[in-house]
Amino acid sequence: MRRKRDLQVIMATFYGEVLPVFSRAVDDDEDEDELVSELGDPFIHWSSRTQNIMLHLPNNKLECNVLIVAIGPAAVGFTDTCIKHGDYHMVAGIFSGLRDSDPQTLMQNAPTDKTCYIYRSNEDASTFVCLCNMEVATEQCFAWVNQLFSGLDASDAYVVVLNTLPTSHFTSEVPTSDLPVPLLRGLKTNKFAGTPLCPVLEQPNLIPGLAAQVMTYCQAHSMKAVLYQCYTNARRSVDLATLKAFMPILESTPVRDIIRKNPDAVERLRDIAELHEVQDTLYI
């Protein structure tokens, strides 16, 4: 007779405590690769301090002139090191559930933890950075993006999206084996008047998932947005070459106007790559 058991998923809350959340019951002999926790609708949780501020603002929204959205561990590692290394504080978290197979260090702030937090600059209160270091299911992307913008007055903001994909997603007349990878491609909304600091994404390439939904939202709401898409053939999820591929973005609009140069950036990026290598090895 097969036993039923509950799978325990460790979920990080905004305040840093760890809550055990149980997924559906499954059979002991069920393939672990098929065990996926039930994912609820994404929701955003603002800090108490931020909620109090929002109560006194028009439409209860924070003014946002610049929003950087980093999606995936490589984009998050680069953004955290080269853009958000200045004076920022956490204002919110977006929670969309964890899969049973997602590794957690339980530190809540480790570079390999599956988290999604929003930070606000202390130097310029209208600048925000969203670090989404977890996979958001396709069916959750629309709701996730609406949660992201629910508390931000970003109608006149510059939005920059950073994302990575394997080169197998890239279509070109030139074989990918002949391309200098990792390679960076750009895509912008009609409202974005500037030019991406890399080649524009060639047709018929398509951007899937969360990055596509953010750009779709910005296009539909006539917002200035640009996507920087990195294609990599790295065997691991993060390597130093992939992290450094985003470097040209530091000279782009509006990033160049909000950053302070990090003299230890390359060393820090190397540490992140090594940390992910160790983490990936543990779960092989």
# chains A, B, ... in the order shown; residues from 1 in each chain; ligands from 1
call {"tool": "select_by_dssp", "arguments": {"residues": "region 87-204 of chain A", "states": "strand (DSSP E or B)", "output": "number ranges by chain"}}
result
A: 88-95, 116-121, 127-132, 152-153, 158-166, 183-188, 200
call {"tool": "select_by_dssp", "arguments": {"residues": "region 72-235 of chain A", "states": "helix (DSSP H, G or I)", "output": "PyMOL selection string"}}
result
chain A and resi 73-82+138-149+167-169+176-178+209-220
call {"tool": "closest_residue", "arguments": {"among": "A:Leu165, A:Val181, A:Ile258, A:Ile44", "to": "Ile68 (chain A)", "atoms": "only C-alpha atoms"}}
result
A:Ile258
call {"tool": "residues_around", "arguments": {"residues": "Pro73 (chain A)", "least_positions_apart": "6", "cutoff": "10 Å", "atoms": "only C-alpha atoms", "output": "list in words"}}
result
Thr79, Pro111, Thr112, Asp113, Lys114, Leu131, Cys132, Asn133, Met134, Glu135, Asn163, Thr164, Ser237, Val238, Leu243, Ile272, Ala273 and His276 of chain A
call {"tool": "atom_distance", "arguments": {"atom1": "CA of Val214 (chain A)", "atom2": "CA of Val145 (chain A)"}}
result
6.1 Å
call {"tool": "closest_residue", "arguments": {"among": "A:Thr81, A:Ser252, A:Ser222, A:Ser48", "to": "Arg268 (chain A)", "atoms": "only C-alpha atoms"}}
result
A:Thr81
call {"tool": "decode", "arguments": {"residues": "region 161-210 of chain A", "atoms": "C-alpha atoms", "output": "PDB file, in the first residue's frame"}}
result
ATOM      1  CA  VAL A 161      14.450  44.874 -18.004  1.00  0.00           C
ATOM      2  CA  LEU A 162      17.392  42.447 -17.829  1.00  0.00           C
ATOM      3  CA  ASN A 163      16.903  38.802 -18.736  1.00  0.00           C
ATOM      4  CA  THR A 164      18.842  35.730 -19.876  1.00  0.00           C
ATOM      5  CA  LEU A 165      18.026  32.831 -22.178  1.00  0.00           C
ATOM      6  CA  PRO A 166      20.055  29.923 -23.561  1.00  0.00           C
ATOM      7  CA  THR A 167      21.337  30.335 -27.110  1.00  0.00           C
ATOM      8  CA  SER A 168      18.978  27.530 -28.157  1.00  0.00           C
ATOM      9  CA  HIS A 169      16.228  30.196 -27.988  1.00  0.00           C
ATOM     10  CA  PHE A 170      18.073  32.440 -30.445  1.00  0.00           C
ATOM     11  CA  THR A 171      17.294  32.226 -34.159  1.00  0.00           C
ATOM     12  CA  SER A 172      19.846  33.540 -36.625  1.00  0.00           C
ATOM     13  CA  GLU A 173      21.039  32.995 -40.176  1.00  0.00           C
ATOM     14  CA  VAL A 174      24.451  32.440 -38.637  1.00  0.00           C
ATOM     15  CA  PRO A 175      24.867  29.218 -36.638  1.00  0.00           C
ATOM     16  CA  THR A 176      25.055  29.951 -32.924  1.00  0.00           C
ATOM     17  CA  SER A 177      28.362  28.057 -32.861  1.00  0.00           C
ATOM     18  CA  ASP A 178      29.809  30.867 -35.003  1.00  0.00           C
ATOM     19  CA  LEU A 179      28.440  33.677 -32.835  1.00  0.00           C
ATOM     20  CA  PRO A 180      30.451  35.367 -30.079  1.00  0.00           C
ATOM     21  CA  VAL A 181      28.455  34.209 -27.074  1.00  0.00           C
ATOM     22  CA  PRO A 182      27.213  35.313 -24.665  1.00  0.00           C
ATOM     23  CA  LEU A 183      25.535  37.902 -26.856  1.00  0.00           C
ATOM     24  CA  LEU A 184      23.330  40.839 -25.919  1.00  0.00           C
ATOM     25  CA  ARG A 185      20.245  41.988 -27.802  1.00  0.00           C
ATOM     26  CA  GLY A 186      17.862  44.881 -27.158  1.00  0.00           C
ATOM     27  CA  LEU A 187      14.148  45.466 -27.557  1.00  0.00           C
ATOM     28  CA  LYS A 188      12.262  48.667 -26.742  1.00  0.00           C
ATOM     29  CA  THR A 189       8.738  50.001 -26.568  1.00  0.00           C
ATOM     30  CA  ASN A 190       7.518  52.678 -28.970  1.00  0.00           C
ATOM     31  CA  LYS A 191       7.668  55.279 -26.198  1.00  0.00           C
ATOM     32  CA  PHE A 192      11.381  54.702 -25.536  1.00  0.00           C
ATOM     33  CA  ALA A 193      13.076  57.335 -27.688  1.00  0.00           C
ATOM     34  CA  GLY A 194      16.638  56.122 -27.168  1.00  0.00           C
ATOM     35  CA  THR A 195      18.562  53.360 -28.884  1.00  0.00           C
ATOM     36  CA  PRO A 196      19.637  50.208 -27.006  1.00  0.00           C
ATOM     37  CA  LEU A 197      23.401  49.948 -26.517  1.00  0.00           C
ATOM     38  CA  CYS A 198      23.514  46.657 -28.370  1.00  0.00           C
ATOM     39  CA  PRO A 199      22.041  45.222 -31.592  1.00  0.00           C
ATOM     40  CA  VAL A 200      18.255  45.148 -31.751  1.00  0.00           C
ATOM     41  CA  LEU A 201      16.737  41.683 -31.404  1.00  0.00           C
ATOM     42  CA  GLU A 202      16.351  40.193 -34.854  1.00  0.00           C
ATOM     43  CA  GLN A 203      13.111  38.761 -36.177  1.00  0.00           C
ATOM     44  CA  PRO A 204      11.630  36.182 -35.803  1.00  0.00           C
ATOM     45  CA  ASN A 205      13.020  35.873 -32.270  1.00  0.00           C
ATOM     46  CA  LEU A 206      10.480  36.020 -29.459  1.00  0.00           C
ATOM     47  CA  ILE A 207      10.909  36.822 -25.778  1.00  0.00           C
ATOM     48  CA  PRO A 208       9.015  34.414 -23.504  1.00  0.00           C
ATOM     49  CA  GLY A 209       7.868  34.532 -19.911  1.00  0.00           C
ATOM     50  CA  LEU A 210       8.098  37.322 -17.396  1.00  0.00           C
TER      51      LEU A 210
END
